>>> print(open('coords-v7.cif').read())   # mmCIF, N, CA and C atoms
data_query
#
loop_
_atom_site.group_PDB
_atom_site.id
_atom_site.type_symbol
_atom_site.label_atom_id
_atom_site.label_comp_id
_atom_site.auth_asym_id
_atom_site.auth_seq_id
_atom_site.Cartn_x
_atom_site.Cartn_y
_atom_site.Cartn_z
ATOM 1 N N MET A 70 95.412 68.867 -4.759
ATOM 2 C CA MET A 70 94.736 70.068 -5.138
ATOM 3 C C MET A 70 94.410 69.965 -6.631
ATOM 4 N N ALA A 71 93.182 70.321 -6.984
ATOM 5 C CA ALA A 71 92.738 70.279 -8.374
ATOM 6 C C ALA A 71 92.657 71.694 -8.920
ATOM 7 N N VAL A 72 93.136 71.870 -10.126
ATOM 8 C CA VAL A 72 93.098 73.167 -10.774
ATOM 9 C C VAL A 72 92.169 73.063 -11.966
ATOM 10 N N SER A 73 91.270 74.015 -12.100
ATOM 11 C CA SER A 73 90.314 74.018 -13.208
ATOM 12 C C SER A 73 90.490 75.300 -14.007
ATOM 13 N N ILE A 74 90.776 75.128 -15.282
ATOM 14 C CA ILE A 74 90.946 76.278 -16.157
ATOM 15 C C ILE A 74 89.852 76.219 -17.211
ATOM 16 N N THR A 75 89.162 77.314 -17.381
ATOM 17 C CA THR A 75 88.116 77.347 -18.404
ATOM 18 C C THR A 75 88.442 78.422 -19.421
ATOM 19 N N LYS A 76 88.277 78.050 -20.676
ATOM 20 C CA LYS A 76 88.476 78.968 -21.784
ATOM 21 C C LYS A 76 87.283 78.820 -22.713
ATOM 22 N N PRO A 77 86.964 79.845 -23.434
ATOM 23 C CA PRO A 77 85.884 79.696 -24.398
ATOM 24 C C PRO A 77 86.286 78.694 -25.484
ATOM 25 N N ALA A 78 85.301 77.986 -26.013
ATOM 26 C CA ALA A 78 85.569 77.016 -27.072
ATOM 27 C C ALA A 78 86.142 77.732 -28.290
ATOM 28 N N LEU A 79 87.041 77.076 -28.972
ATOM 29 C CA LEU A 79 87.701 77.666 -30.119
ATOM 30 C C LEU A 79 87.455 76.768 -31.334
ATOM 31 N N ASN A 80 86.900 77.330 -32.382
ATOM 32 C CA ASN A 80 86.639 76.568 -33.598
ATOM 33 C C ASN A 80 87.875 76.652 -34.483
ATOM 34 N N LEU A 81 88.531 75.524 -34.656
ATOM 35 C CA LEU A 81 89.780 75.486 -35.403
ATOM 36 C C LEU A 81 89.600 74.982 -36.831
ATOM 37 N N ARG A 82 88.364 74.790 -37.264
ATOM 38 C CA ARG A 82 88.124 74.212 -38.582
ATOM 39 C C ARG A 82 88.773 75.016 -39.703
ATOM 40 N N GLU A 83 88.582 76.340 -39.712
ATOM 41 C CA GLU A 83 89.146 77.161 -40.787
ATOM 42 C C GLU A 83 90.668 77.160 -40.742
ATOM 43 N N GLN A 84 91.224 77.250 -39.546
ATOM 44 C CA GLN A 84 92.676 77.243 -39.430
ATOM 45 C C GLN A 84 93.249 75.904 -39.860
ATOM 46 N N LEU A 85 92.608 74.814 -39.486
ATOM 47 C CA LEU A 85 93.064 73.492 -39.879
ATOM 48 C C LEU A 85 92.977 73.319 -41.399
ATOM 49 N N ALA A 86 91.910 73.814 -42.009
ATOM 50 C CA ALA A 86 91.764 73.721 -43.459
ATOM 51 C C ALA A 86 92.888 74.470 -44.171
ATOM 52 N N LYS A 87 93.291 75.608 -43.653
ATOM 53 C CA LYS A 87 94.394 76.368 -44.255
ATOM 54 C C LYS A 87 95.707 75.606 -44.138
ATOM 55 N N LEU A 88 95.920 74.975 -42.993
ATOM 56 C CA LEU A 88 97.170 74.245 -42.780
ATOM 57 C C LEU A 88 97.258 72.988 -43.625
ATOM 58 N N THR A 89 96.159 72.284 -43.788
ATOM 59 C CA THR A 89 96.183 71.011 -44.510
ATOM 60 C C THR A 89 95.873 71.171 -45.988
ATOM 61 N N GLY A 90 95.496 72.370 -46.410
ATOM 62 C CA GLY A 90 95.185 72.588 -47.813
ATOM 63 C C GLY A 90 93.795 72.143 -48.199
ATOM 64 N N LEU A 91 92.981 71.800 -47.232
ATOM 65 C CA LEU A 91 91.615 71.367 -47.523
ATOM 66 C C LEU A 91 90.726 72.580 -47.759
ATOM 67 N N ASN A 92 89.788 72.448 -48.659
ATOM 68 C CA ASN A 92 88.835 73.517 -48.918
ATOM 69 C C ASN A 92 87.562 73.264 -48.128
ATOM 70 N N PRO A 93 86.883 74.319 -47.705
ATOM 71 C CA PRO A 93 85.599 74.125 -47.042
ATOM 72 C C PRO A 93 84.586 73.579 -48.040
ATOM 73 N N ALA A 94 83.431 73.200 -47.551
ATOM 74 C CA ALA A 94 82.380 72.644 -48.412
ATOM 75 C C ALA A 94 82.065 73.621 -49.544
ATOM 76 N N PRO A 95 81.861 73.097 -50.753
ATOM 77 C CA PRO A 95 81.590 73.984 -51.884
ATOM 78 C C PRO A 95 80.234 74.663 -51.763
ATOM 79 N N GLU A 96 80.146 75.838 -52.336
ATOM 80 C CA GLU A 96 78.879 76.570 -52.370
ATOM 81 C C GLU A 96 77.964 75.876 -53.371
ATOM 82 N N ARG A 97 76.689 75.712 -53.010
ATOM 83 C CA ARG A 97 75.731 75.037 -53.886
ATOM 84 C C ARG A 97 74.537 75.941 -54.155
ATOM 85 N N HIS A 98 73.974 75.767 -55.343
ATOM 86 C CA HIS A 98 72.810 76.561 -55.737
ATOM 87 C C HIS A 98 72.005 75.749 -56.754
ATOM 88 N N THR A 99 70.693 75.962 -56.776
ATOM 89 C CA THR A 99 69.843 75.305 -57.763
ATOM 90 C C THR A 99 69.345 76.343 -58.752
ATOM 91 N N PHE A 100 69.576 76.069 -60.025
ATOM 92 C CA PHE A 100 69.114 76.940 -61.100
ATOM 93 C C PHE A 100 67.865 76.322 -61.715
ATOM 94 N N PHE A 101 66.848 77.145 -61.924
ATOM 95 C CA PHE A 101 65.596 76.660 -62.491
ATOM 96 C C PHE A 101 65.375 77.248 -63.875
ATOM 97 N N PHE A 102 64.885 76.415 -64.770
ATOM 98 C CA PHE A 102 64.550 76.812 -66.130
ATOM 99 C C PHE A 102 63.153 76.280 -66.442
ATOM 100 N N ALA A 103 62.487 76.880 -67.408
ATOM 101 C CA ALA A 103 61.171 76.400 -67.851
ATOM 102 C C ALA A 103 61.334 75.766 -69.226
ATOM 103 N N GLY A 104 60.875 74.519 -69.357
ATOM 104 C CA GLY A 104 60.926 73.849 -70.639
ATOM 105 C C GLY A 104 59.896 74.452 -71.589
ATOM 106 N N ASP A 105 60.212 74.402 -72.902
ATOM 107 C CA ASP A 105 59.267 74.929 -73.894
ATOM 108 C C ASP A 105 58.942 73.898 -74.982
ATOM 109 N N GLY A 106 59.432 72.686 -74.825
ATOM 110 C CA GLY A 106 59.153 71.640 -75.791
ATOM 111 C C GLY A 106 60.144 71.571 -76.937
ATOM 112 N N SER A 107 61.018 72.594 -77.087
ATOM 113 C CA SER A 107 61.986 72.559 -78.179
ATOM 114 C C SER A 107 63.427 72.794 -77.706
ATOM 115 N N GLN A 108 63.617 73.513 -76.611
ATOM 116 C CA GLN A 108 64.968 73.806 -76.117
ATOM 117 C C GLN A 108 65.537 72.573 -75.419
ATOM 118 N N THR A 109 66.725 72.156 -75.838
ATOM 119 C CA THR A 109 67.370 71.003 -75.208
ATOM 120 C C THR A 109 68.600 71.394 -74.397
ATOM 121 N N ALA A 110 69.228 72.544 -74.699
ATOM 122 C CA ALA A 110 70.469 72.957 -74.035
ATOM 123 C C ALA A 110 70.179 74.040 -72.993
ATOM 124 N N PHE A 111 70.722 73.830 -71.798
ATOM 125 C CA PHE A 111 70.528 74.767 -70.694
ATOM 126 C C PHE A 111 71.899 75.114 -70.113
ATOM 127 N N PRO A 112 72.459 76.273 -70.478
ATOM 128 C CA PRO A 112 73.780 76.665 -69.967
ATOM 129 C C PRO A 112 73.681 77.225 -68.547
ATOM 130 N N LEU A 113 74.691 76.920 -67.763
ATOM 131 C CA LEU A 113 74.781 77.466 -66.404
ATOM 132 C C LEU A 113 75.648 78.716 -66.429
ATOM 133 N N PRO A 114 75.501 79.580 -65.440
ATOM 134 C CA PRO A 114 76.386 80.744 -65.362
ATOM 135 C C PRO A 114 77.845 80.291 -65.191
ATOM 136 N N GLU A 115 78.747 81.129 -65.622
ATOM 137 C CA GLU A 115 80.165 80.804 -65.530
ATOM 138 C C GLU A 115 80.564 80.553 -64.082
ATOM 139 N N GLY A 116 81.356 79.508 -63.868
ATOM 140 C CA GLY A 116 81.837 79.175 -62.531
ATOM 141 C C GLY A 116 80.988 78.160 -61.802
ATOM 142 N N TRP A 117 79.921 77.665 -62.419
ATOM 143 C CA TRP A 117 79.044 76.682 -61.780
ATOM 144 C C TRP A 117 79.097 75.370 -62.553
ATOM 145 N N ARG A 118 79.266 74.252 -61.835
ATOM 146 C CA ARG A 118 79.334 72.923 -62.416
ATOM 147 C C ARG A 118 78.086 72.140 -61.987
ATOM 148 N N PRO A 119 77.366 71.510 -62.928
ATOM 149 C CA PRO A 119 76.158 70.773 -62.552
ATOM 150 C C PRO A 119 76.484 69.545 -61.717
ATOM 151 N N ARG A 120 75.620 69.290 -60.769
ATOM 152 C CA ARG A 120 75.781 68.119 -59.907
ATOM 153 C C ARG A 120 74.635 67.146 -60.118
ATOM 154 N N ASP A 121 73.406 67.602 -59.993
ATOM 155 C CA ASP A 121 72.212 66.783 -60.218
ATOM 156 C C ASP A 121 71.254 67.548 -61.104
ATOM 157 N N VAL A 122 70.546 66.822 -61.962
ATOM 158 C CA VAL A 122 69.602 67.450 -62.886
ATOM 159 C C VAL A 122 68.233 66.819 -62.685
ATOM 160 N N PHE A 123 67.229 67.688 -62.537
ATOM 161 C CA PHE A 123 65.859 67.247 -62.354
ATOM 162 C C PHE A 123 64.989 67.832 -63.463
ATOM 163 N N SER A 124 64.026 67.046 -63.905
ATOM 164 C CA SER A 124 63.065 67.519 -64.889
ATOM 165 C C SER A 124 61.705 67.028 -64.437
ATOM 166 N N ASP A 125 60.770 67.954 -64.285
ATOM 167 C CA ASP A 125 59.421 67.620 -63.823
ATOM 168 C C ASP A 125 59.459 66.913 -62.463
ATOM 169 N N GLY A 126 60.445 67.292 -61.635
ATOM 170 C CA GLY A 126 60.553 66.753 -60.288
ATOM 171 C C GLY A 126 61.265 65.415 -60.189
ATOM 172 N N LEU A 127 61.732 64.860 -61.313
ATOM 173 C CA LEU A 127 62.398 63.564 -61.311
ATOM 174 C C LEU A 127 63.888 63.722 -61.572
ATOM 175 N N LEU A 128 64.694 62.977 -60.818
ATOM 176 C CA LEU A 128 66.130 62.977 -61.027
ATOM 177 C C LEU A 128 66.430 62.287 -62.345
ATOM 178 N N ARG A 129 67.228 62.926 -63.191
ATOM 179 C CA ARG A 129 67.550 62.388 -64.516
ATOM 180 C C ARG A 129 68.935 61.754 -64.516
ATOM 181 N N ARG A 130 69.150 60.813 -65.465
ATOM 182 C CA ARG A 130 70.405 60.068 -65.554
ATOM 183 C C ARG A 130 71.359 60.735 -66.540
ATOM 184 N N PRO A 131 72.628 60.941 -66.117
ATOM 185 C CA PRO A 131 73.610 61.552 -67.021
ATOM 186 C C PRO A 131 74.270 60.506 -67.910
ATOM 187 N N GLY A 132 74.793 60.966 -69.029
ATOM 188 C CA GLY A 132 75.604 60.108 -69.879
ATOM 189 C C GLY A 132 75.042 59.948 -71.273
ATOM 190 N N ALA A 133 75.913 59.498 -72.167
ATOM 191 C CA ALA A 133 75.508 59.262 -73.554
ATOM 192 C C ALA A 133 74.471 58.145 -73.590
ATOM 193 N N GLY A 134 73.405 58.367 -74.306
ATOM 194 C CA GLY A 134 72.338 57.381 -74.395
ATOM 195 C C GLY A 134 71.383 57.408 -73.217
ATOM 196 N N GLU A 135 71.577 58.320 -72.303
ATOM 197 C CA GLU A 135 70.687 58.447 -71.144
ATOM 198 C C GLU A 135 69.851 59.715 -71.296
ATOM 199 N N ASP A 136 69.470 60.338 -70.175
ATOM 200 C CA ASP A 136 68.567 61.490 -70.214
ATOM 201 C C ASP A 136 69.245 62.790 -70.654
ATOM 202 N N TYR A 137 70.505 62.992 -70.247
ATOM 203 C CA TYR A 137 71.186 64.242 -70.586
ATOM 204 C C TYR A 137 72.690 64.036 -70.610
ATOM 205 N N GLU A 138 73.386 64.981 -71.234
ATOM 206 C CA GLU A 138 74.846 65.009 -71.233
ATOM 207 C C GLU A 138 75.301 66.391 -70.791
ATOM 208 N N VAL A 139 76.511 66.448 -70.273
ATOM 209 C CA VAL A 139 77.088 67.713 -69.831
ATOM 210 C C VAL A 139 78.298 68.023 -70.706
ATOM 211 N N ALA A 140 78.341 69.245 -71.220
ATOM 212 C CA ALA A 140 79.476 69.698 -72.026
ATOM 213 C C ALA A 140 80.116 70.892 -71.324
ATOM 214 N N PHE A 141 81.429 71.016 -71.492
ATOM 215 C CA PHE A 141 82.175 72.132 -70.896
ATOM 216 C C PHE A 141 83.060 72.736 -71.970
ATOM 217 N N ASP A 142 82.917 74.043 -72.209
ATOM 218 C CA ASP A 142 83.693 74.707 -73.260
ATOM 219 C C ASP A 142 84.922 75.444 -72.717
ATOM 220 N N GLY A 143 85.236 75.208 -71.460
ATOM 221 C CA GLY A 143 86.361 75.896 -70.832
ATOM 222 C C GLY A 143 85.916 77.038 -69.941
ATOM 223 N N PHE A 144 84.673 77.479 -70.118
ATOM 224 C CA PHE A 144 84.140 78.566 -69.302
ATOM 225 C C PHE A 144 82.768 78.216 -68.716
ATOM 226 N N ILE A 145 81.929 77.595 -69.514
ATOM 227 C CA ILE A 145 80.530 77.365 -69.129
ATOM 228 C C ILE A 145 80.164 75.899 -69.324
ATOM 229 N N TYR A 146 79.465 75.344 -68.326
ATOM 230 C CA TYR A 146 78.899 74.009 -68.446
ATOM 231 C C TYR A 146 77.507 74.139 -69.054
ATOM 232 N N THR A 147 77.182 73.218 -69.953
ATOM 233 C CA THR A 147 75.865 73.200 -70.571
ATOM 234 C C THR A 147 75.283 71.811 -70.420
ATOM 235 N N VAL A 148 74.045 71.752 -69.898
ATOM 236 C CA VAL A 148 73.315 70.501 -69.779
ATOM 237 C C VAL A 148 72.436 70.374 -71.019
ATOM 238 N N THR A 149 72.612 69.282 -71.775
ATOM 239 C CA THR A 149 71.839 69.067 -72.989
ATOM 240 C C THR A 149 71.021 67.792 -72.847
ATOM 241 N N PHE A 150 69.709 67.940 -72.914
ATOM 242 C CA PHE A 150 68.802 66.806 -72.799
ATOM 243 C C PHE A 150 68.715 66.053 -74.115
ATOM 244 N N ALA A 151 68.523 64.732 -74.039
ATOM 245 C CA ALA A 151 68.333 63.919 -75.238
ATOM 246 C C ALA A 151 66.987 64.256 -75.870
ATOM 247 N N VAL A 152 65.984 64.504 -75.036
ATOM 248 C CA VAL A 152 64.649 64.896 -75.490
ATOM 249 C C VAL A 152 64.292 66.194 -74.771
ATOM 250 N N ALA A 153 63.844 67.181 -75.532
ATOM 251 C CA ALA A 153 63.519 68.489 -74.940
ATOM 252 C C ALA A 153 62.411 68.350 -73.897
ATOM 253 N N PRO A 154 62.592 68.960 -72.727
ATOM 254 C CA PRO A 154 61.525 68.967 -71.728
ATOM 255 C C PRO A 154 60.292 69.675 -72.294
ATOM 256 N N GLY A 155 59.128 69.128 -72.036
ATOM 257 C CA GLY A 155 57.888 69.693 -72.562
ATOM 258 C C GLY A 155 57.600 71.085 -72.026
ATOM 259 N N SER A 156 56.647 71.748 -72.663
ATOM 260 C CA SER A 156 56.265 73.078 -72.193
ATOM 261 C C SER A 156 55.633 72.940 -70.812
ATOM 262 N N ALA A 157 55.871 73.926 -69.997
ATOM 263 C CA ALA A 157 55.388 73.976 -68.613
ATOM 264 C C ALA A 157 56.055 72.921 -67.734
ATOM 265 N N VAL A 158 57.190 72.368 -68.168
ATOM 266 C CA VAL A 158 57.962 71.428 -67.350
ATOM 267 C C VAL A 158 59.120 72.201 -66.729
ATOM 268 N N ASP A 159 59.242 72.105 -65.419
ATOM 269 C CA ASP A 159 60.340 72.780 -64.724
ATOM 270 C C ASP A 159 61.601 71.931 -64.792
ATOM 271 N N VAL A 160 62.711 72.583 -65.075
ATOM 272 C CA VAL A 160 64.023 71.938 -65.083
ATOM 273 C C VAL A 160 64.823 72.563 -63.951
ATOM 274 N N GLY A 161 65.324 71.730 -63.059
ATOM 275 C CA GLY A 161 66.149 72.196 -61.948
ATOM 276 C C GLY A 161 67.533 71.587 -62.053
ATOM 277 N N ILE A 162 68.553 72.423 -62.014
ATOM 278 C CA ILE A 162 69.930 71.938 -62.070
ATOM 279 C C ILE A 162 70.622 72.356 -60.789
ATOM 280 N N MET A 163 70.943 71.358 -59.963
ATOM 281 C CA MET A 163 71.689 71.613 -58.745
ATOM 282 C C MET A 163 73.155 71.686 -59.123
ATOM 283 N N ALA A 164 73.823 72.778 -58.726
ATOM 284 C CA ALA A 164 75.199 73.010 -59.160
ATOM 285 C C ALA A 164 76.080 73.396 -57.984
ATOM 286 N N GLU A 165 77.387 73.192 -58.182
ATOM 287 C CA GLU A 165 78.406 73.596 -57.208
ATOM 288 C C GLU A 165 79.289 74.659 -57.853
ATOM 289 N N ARG A 166 79.696 75.628 -57.052
ATOM 290 C CA ARG A 166 80.619 76.641 -57.546
ATOM 291 C C ARG A 166 82.013 76.031 -57.613
ATOM 292 N N GLU A 167 82.661 76.247 -58.755
ATOM 293 C CA GLU A 167 84.030 75.769 -58.902
ATOM 294 C C GLU A 167 84.978 76.742 -58.243
ATOM 295 N N VAL A 168 86.039 76.210 -57.700
ATOM 296 C CA VAL A 168 87.018 77.037 -57.002
ATOM 297 C C VAL A 168 88.074 77.506 -57.956
#
>>> encode(input="coords-v7.cif", output="C-alpha coordinates")
Amino acid sequence: MAVSITKPALNLREQLAKLTGLNPAPERHTFFFAGDGSQTAFPLPEGWRPRDVFSDGLLRRPGAGEDYEVAFDGFIYTVTFAVAPGSAVDVGIMAEREV
(Lines of atoms letter the chains of each structure in order from A and count residues from 1; the text may use other names and numbers.)
(Lines give C-alpha, C1' and ligand atoms only; values in the text may rest on other atoms or scores of the structure.)
Protein backbone atom coordinates (compact mmCIF):
# COMPACT_ATOMS: atom_id res chain seq x y z
CA MET A 1 0.00 0.00 0.00
CA ALA A 2 1.34 3.44 -0.95
CA VAL A 3 0.64 6.51 1.12
CA SER A 4 0.84 9.97 -0.42
CA ILE A 5 1.01 13.05 1.74
CA THR A 6 0.92 16.49 0.21
CA LYS A 7 1.78 19.71 1.96
CA PRO A 8 2.22 23.17 0.57
CA ALA A 9 5.82 24.07 -0.25
CA LEU A 10 7.62 25.82 2.57
CA ASN A 11 10.32 28.42 1.94
CA LEU A 12 12.93 27.95 4.63
CA ARG A 13 15.45 30.49 3.34
CA GLU A 14 14.73 33.16 5.98
CA GLN A 15 14.64 30.66 8.81
CA LEU A 16 17.87 29.04 7.66
CA ALA A 17 19.56 32.45 7.40
CA LYS A 18 18.59 33.21 11.01
CA LEU A 19 19.94 29.89 12.22
CA THR A 20 23.25 30.09 10.36
CA GLY A 21 23.80 33.80 10.89
CA LEU A 22 23.78 34.51 7.17
CA ASN A 23 22.35 37.79 5.95
CA PRO A 24 20.04 38.02 2.96
CA ALA A 25 21.29 39.73 -0.20
CA PRO A 26 22.17 43.38 0.45
CA GLU A 27 19.88 46.14 -0.73
CA ARG A 28 21.27 47.91 -3.81
CA HIS A 29 20.57 51.30 -5.32
CA THR A 30 22.10 53.52 -8.01
CA PHE A 31 22.69 57.17 -7.22
CA PHE A 32 22.96 59.60 -10.12
CA PHE A 33 24.80 62.91 -10.17
CA ALA A 34 25.40 65.48 -12.93
CA GLY A 35 28.98 66.50 -13.61
CA ASP A 36 29.74 70.22 -13.89
CA GLY A 37 33.39 70.15 -14.97
CA SER A 38 34.74 71.23 -11.56
CA GLN A 39 33.20 68.97 -8.87
CA THR A 40 35.34 65.91 -8.15
CA ALA A 41 33.82 64.63 -4.86
CA PHE A 42 30.43 62.90 -4.78
CA PRO A 43 29.26 61.87 -1.28
CA LEU A 44 26.72 59.09 -0.85
CA PRO A 45 23.93 59.18 1.72
CA GLU A 46 24.82 57.73 5.11
CA GLY A 47 24.64 53.94 5.22
CA TRP A 48 25.49 53.35 1.54
CA ARG A 49 28.82 51.92 0.34
CA PRO A 50 29.85 52.34 -3.33
CA ARG A 51 30.22 49.20 -5.37
CA ASP A 52 30.64 50.32 -9.01
CA VAL A 53 31.16 53.79 -10.43
CA PHE A 54 30.17 54.88 -13.92
CA SER A 55 30.87 58.14 -15.69
CA ASP A 56 29.34 58.92 -19.08
CA GLY A 57 28.14 55.31 -19.24
CA LEU A 58 31.61 53.78 -18.75
CA LEU A 59 32.71 51.70 -15.79
CA ARG A 60 35.57 53.50 -14.02
CA ARG A 61 38.61 51.97 -12.27
CA PRO A 62 39.06 52.44 -8.50
CA GLY A 63 42.33 53.10 -6.73
CA ALA A 64 45.16 55.56 -6.36
CA GLY A 65 46.41 56.65 -9.76
CA GLU A 66 43.28 55.37 -11.48
CA ASP A 67 39.91 57.01 -12.25
CA TYR A 68 38.60 57.50 -8.70
CA GLU A 69 39.21 56.81 -5.02
CA VAL A 70 36.78 56.08 -2.21
CA ALA A 71 37.10 57.70 1.22
CA PHE A 72 35.15 56.85 4.37
CA ASP A 73 34.93 59.25 7.32
CA GLY A 74 33.14 56.82 9.63
CA PHE A 75 29.68 57.87 8.48
CA ILE A 76 29.70 58.69 4.76
CA TYR A 77 31.51 57.26 1.75
CA THR A 78 32.74 59.79 -0.79
CA VAL A 79 33.78 58.97 -4.35
CA THR A 80 36.48 61.38 -5.54
CA PHE A 81 37.43 61.44 -9.21
CA ALA A 82 41.01 62.13 -10.31
CA VAL A 83 39.60 64.36 -13.08
CA ALA A 84 36.26 66.14 -12.66
CA PRO A 85 33.52 64.75 -14.92
CA GLY A 86 32.66 67.28 -17.62
CA SER A 87 29.48 69.31 -17.69
CA ALA A 88 26.45 67.36 -18.87
CA VAL A 89 28.21 64.07 -17.97
CA ASP A 90 26.12 61.69 -15.89
CA VAL A 91 27.80 60.00 -12.93
CA GLY A 92 26.19 56.81 -11.65
CA ILE A 93 27.29 55.18 -8.41
CA MET A 94 25.93 51.72 -7.74
CA ALA A 95 25.88 51.22 -3.97
CA GLU A 96 24.97 48.63 -1.34
CA ARG A 97 23.32 49.41 1.97
CA GLU A 98 25.56 48.58 4.89
CA VAL A 99 24.10 46.46 7.64
>>> resolve_selection(input="coords-v7.cif", expression="the PyMOL selection byres ((chain A and resi 162) around 6)", output="PyMOL selection string")
chain A and resi 98-101+120-123+160-161+163-164
>>> residues_around(input="coords-v7.cif", residues="stretch 139-146 of chain A", least_positions_apart="6", cutoff="5 Å", atoms="only N, CA and C atoms", output="list in words")
Pro112, Leu113 and Glu115 of chain A
>>> atom_distance(input="coords-v7.cif", atom1="atom CA of A:Pro131", atom2="atom C of A:Ala151")
11.4 Å
>>> resolve_selection(input="coords-v7.cif", expression="the PyMOL selection byres ((chain A and resi 133-137) around 6.5)", output="VMD selection string")
chain A and resid 129 to 132 138 to 139 148 to 152
>>> atom_distance(input="coords-v7.cif", atom1="atom CA of A:Phe102", atom2="atom CA of A:Val158")
8.6 Å
>>> select_by_dssp(input="coords-v7.cif", residues="stretch 70-167 of chain A", states="helix (DSSP H, G or I)", output="number ranges by chain")
A: 82-89
>>> atom_distance(input="coords-v7.cif", atom1="atom CA of A:Gln84", atom2="atom C of A:Arg166")
21.1 Å
>>> residues_near_point(input="coords-v7.cif", point="(83.1, 74.2, -51.2)", cutoff="8 Å", atoms="only N, CA and C atoms", output="MDAnalysis selection string")
chainID A and resid 92:97 165:168
>>> select_by_dssp(input="coords-v7.cif", residues="stretch 74-161 of chain A", states="strand (DSSP E or B)", output="ChimeraX atom specification")
/A:97-103,110-112,117-124,127-128,131,137-141,146-150,159-161
